[in-house]
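One file, input.tsv, carrying TSV, C-alpha atoms:
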```tsv
chain	number	residue	atom	x	y	z
A	6	MET	CA	186.14	1.05	77.74
A	7	ARG	CA	183.73	1.00	74.82
A	8	VAL	CA	180.09	0.53	75.61
A	9	PRO	CA	177.23	0.75	73.12
A	10	ASN	CA	174.58	2.28	75.40
A	11	PRO	CA	174.06	4.03	78.75
A	12	GLN	CA	172.57	0.94	80.39
A	13	LEU	CA	175.70	-1.11	79.75
A	14	ALA	CA	177.89	1.82	80.83
A	15	GLU	CA	176.12	1.85	84.20
A	16	GLU	CA	176.34	-1.92	84.54
A	17	MET	CA	180.05	-2.06	83.68
A	18	THR	CA	180.88	0.87	85.97
A	19	HIS	CA	179.10	-0.88	88.85
A	20	TRP	CA	180.95	-4.13	88.06
A	21	PHE	CA	184.40	-2.49	87.96
A	22	LEU	CA	183.80	-0.42	91.10
A	23	GLY	CA	182.68	-3.57	92.88
A	24	LEU	CA	185.79	-5.65	92.19
A	25	GLU	CA	187.08	-7.40	95.28
A	26	PRO	CA	190.37	-9.14	96.10
A	27	ILE	CA	190.64	-12.84	95.31
A	28	GLY	CA	193.17	-13.67	98.01
A	29	ALA	CA	194.48	-12.56	101.40
A	30	ASP	CA	197.62	-11.03	99.85
A	31	VAL	CA	195.69	-9.08	97.21
A	32	GLU	CA	194.45	-5.52	97.59
A	33	VAL	CA	192.10	-3.93	95.08
A	34	THR	CA	191.31	-0.23	94.83
A	35	VAL	CA	189.07	0.94	92.00
A	36	THR	CA	188.08	4.57	91.51
A	37	GLY	CA	186.66	6.64	88.70
A	38	GLY	CA	183.92	6.02	86.22
A	39	MET	CA	182.83	6.71	82.68
A	40	ASN	CA	183.89	10.17	81.52
A	41	ARG	CA	182.02	10.19	78.22
A	42	PRO	CA	178.56	9.01	77.21
A	43	PRO	CA	178.43	6.13	74.72
A	44	TYR	CA	178.47	7.05	71.04
A	45	GLN	CA	175.17	5.65	69.87
A	46	LYS	CA	174.37	5.65	66.18
A	47	ASP	CA	170.96	7.11	65.44
A	48	ALA	CA	169.11	8.09	62.28
A	49	GLY	CA	170.85	11.48	62.10
A	50	ILE	CA	174.29	9.90	62.35
A	51	ALA	CA	173.35	7.27	59.75
A	52	GLN	CA	172.18	9.99	57.35
A	53	LEU	CA	175.33	12.04	57.85
A	54	PHE	CA	177.49	8.95	57.36
A	55	GLY	CA	175.66	8.18	54.10
A	56	LYS	CA	176.41	11.72	52.93
A	57	ALA	CA	180.10	11.27	53.80
A	58	GLN	CA	180.18	7.97	51.91
A	59	ALA	CA	178.68	9.59	48.82
A	60	LEU	CA	181.18	12.46	48.95
A	61	TYR	CA	184.11	10.08	49.30
A	62	ARG	CA	182.88	8.12	46.28
A	63	GLU	CA	183.32	11.32	44.23
A	64	ILE	CA	187.04	10.55	44.25
A	65	GLY	CA	186.68	6.79	43.92
A	66	LYS	CA	187.14	5.98	47.59
A	67	GLU	CA	184.99	3.84	49.87
A	68	LEU	CA	184.27	4.95	53.43
A	69	LEU	CA	183.57	1.91	55.59
A	70	ASP	CA	181.50	1.84	58.74
A	71	VAL	CA	182.50	0.01	61.89
A	72	PRO	CA	180.22	-2.48	63.65
A	73	LEU	CA	181.04	-1.37	67.20
A	74	THR	CA	181.12	2.15	68.51
A	75	GLY	CA	181.19	3.67	71.92
A	76	GLY	CA	184.78	4.89	72.20
A	77	GLY	CA	186.32	7.90	73.91
A	78	SER	CA	185.99	10.73	71.41
A	79	ASP	CA	184.84	14.24	72.24
A	80	GLY	CA	182.23	13.50	69.58
A	81	ASN	CA	180.51	11.31	72.17
A	82	PHE	CA	179.31	14.49	73.89
A	83	THR	CA	177.70	16.01	70.78
A	84	ALA	CA	176.19	12.69	69.68
A	85	ALA	CA	174.63	12.28	73.13
A	86	LEU	CA	172.97	15.67	72.62
A	87	GLY	CA	171.33	14.37	69.44
A	88	ILE	CA	173.68	16.27	67.10
A	89	PRO	CA	174.66	14.06	64.15
A	90	THR	CA	178.36	13.44	64.69
A	91	LEU	CA	180.99	11.51	62.75
A	92	ASP	CA	184.23	10.36	64.29
A	93	GLY	CA	187.33	8.81	62.79
A	94	LEU	CA	187.54	10.90	59.63
A	95	GLY	CA	191.24	11.56	60.08
A	96	ALA	CA	194.12	9.93	58.28
A	97	ASP	CA	194.33	6.16	57.95
A	98	GLY	CA	197.16	4.45	59.74
A	99	LYS	CA	198.02	1.88	62.35
A	100	GLY	CA	198.99	1.66	66.00
A	101	ALA	CA	196.43	4.19	67.24
A	102	HIS	CA	197.56	5.76	70.53
A	103	ALA	CA	200.69	3.59	70.69
A	104	ALA	CA	204.32	4.70	70.69
A	105	TYR	CA	204.62	3.39	67.12
A	106	GLU	CA	201.44	5.13	65.89
A	107	GLN	CA	201.71	6.17	62.26
A	108	ILE	CA	199.57	7.58	59.49
A	109	TYR	CA	199.56	6.66	55.83
A	110	PHE	CA	200.69	9.64	53.78
A	111	SER	CA	198.51	8.38	50.92
A	112	SER	CA	195.39	9.00	53.00
A	113	LEU	CA	196.03	12.69	53.70
A	114	MET	CA	194.70	14.14	50.45
A	115	PRO	CA	191.57	11.95	50.24
A	116	ARG	CA	190.60	12.57	53.87
A	117	THR	CA	191.26	16.30	53.49
A	118	TYR	CA	189.00	16.27	50.43
A	119	LEU	CA	186.27	14.47	52.39
A	120	CYS	CA	186.39	16.88	55.32
A	121	ALA	CA	186.41	19.92	53.01
A	122	ARG	CA	183.45	18.59	51.01
A	123	LEU	CA	181.51	17.87	54.18
A	124	LEU	CA	182.06	21.44	55.36
A	125	GLU	CA	181.05	22.79	51.94
A	126	THR	CA	177.83	20.81	51.78
A	127	LEU	CA	176.47	20.66	55.32
A	128	GLU	CA	173.43	22.81	56.04
```
Please go through the file and, once you have read it, give me the structure as structure tokens.
Amino acid sequence: MRVPNPQLAEEMTHWFLGLEPIGADVEVTVTGGMNRPPYQKDAGIAQLFGKAQALYREIGKELLDVPLTGGGSDGNFTAALGIPTLDGLGADGKGAHAAYEQIYFSSLMPRTYLCARLLETLE
């Protein structure tokens, strides 16, 4: 589940763990909880993203931001520590995490360029 902040993560976890059956023939068992902190954009992430956008423009490409974050990346852990973290810099494609997941071959070189330039220019 994607949540934009810790407060909503707590609220949603409480809601899911509190689900109850809606009929006599229904049994509900809910276990678990959030296993990653929300990925919250902060000033450091915004600055790093701006740098990535500028580097991508060097080869005539546009790097677009997404309006909602929060997903299940390992980057959630570093971002929660205040370390500027970008996620989703891999190849473009469709069907993420599905049996038919695929990448666009045409995105491999540009994204490799972007990642290499980021590594070359980060301080």
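Neighbouring residues of range 107-113 of chain A at 6 Å or closer, counting all atoms listed in the file and skipping chain neighbours under 6 positions away, are Ala96, Asp97, Gly98 and Lys99 of chain A.
For the choices A:Leu68, A:Ile50, A:Ala104, A:Met6, the atom-to-atom distance to Gly80 in chain A is smallest for A:Ile50 when using only C-alpha atoms.
For the atom pair formed by CA of Gly37 in chain A and CA of Thr83 in chain A, the distance is 22.1 Å, given to one decimal.
Between CA of Ala84 in chain A and CA of Phe54 in chain A there is a distance of 12.9 Å.
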Problem set entry | For Cys120 in chain A: contacts at 12 Å, all atoms listed in the file, fewer than 2 positions along chain excluded, given as a PyMOL selection string | chain A and resi 56-58+60-61+91-96+113-118+122-127
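Remark: for Thr18 in chain A, the closest of the candidate residues A:Ile88, A:Ala48, A:Val35, A:Gly65 is A:Val35 (distances computed over all atoms listed in the file).
Put simply, CA of Asp47 in chain A is 8.0 Å away from CA of Pro89 in chain A.
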Problem set entry | Selected residue, from A:Tyr105, A:Tyr44, A:Gly100, A:Ile64, that lies nearest to Phe82 in chain A when counting only C-alpha atoms | A:Tyr44
Exercise. Skipping near chain neighbours, those fewer than 4 positions away, what residues fall within 12 Å of Gly38 in chain A using only C-alpha atoms, listed as a VMD selection string?
Worked result: chain A and resid 6 14 to 23 42
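Each of A:Leu13, A:Val8, A:Leu86, A:Leu119 was checked against Lys66 in chain A using all atoms listed in the file; the smallest atom-to-atom distance is that of A:Leu119.
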For this session: Considering only C-alpha atoms, state which residue in the set A:Thr34, A:Ala121, A:Asp70, A:Glu63 is at the smallest distance from Ala51 in chain A.
Result: A:Asp70
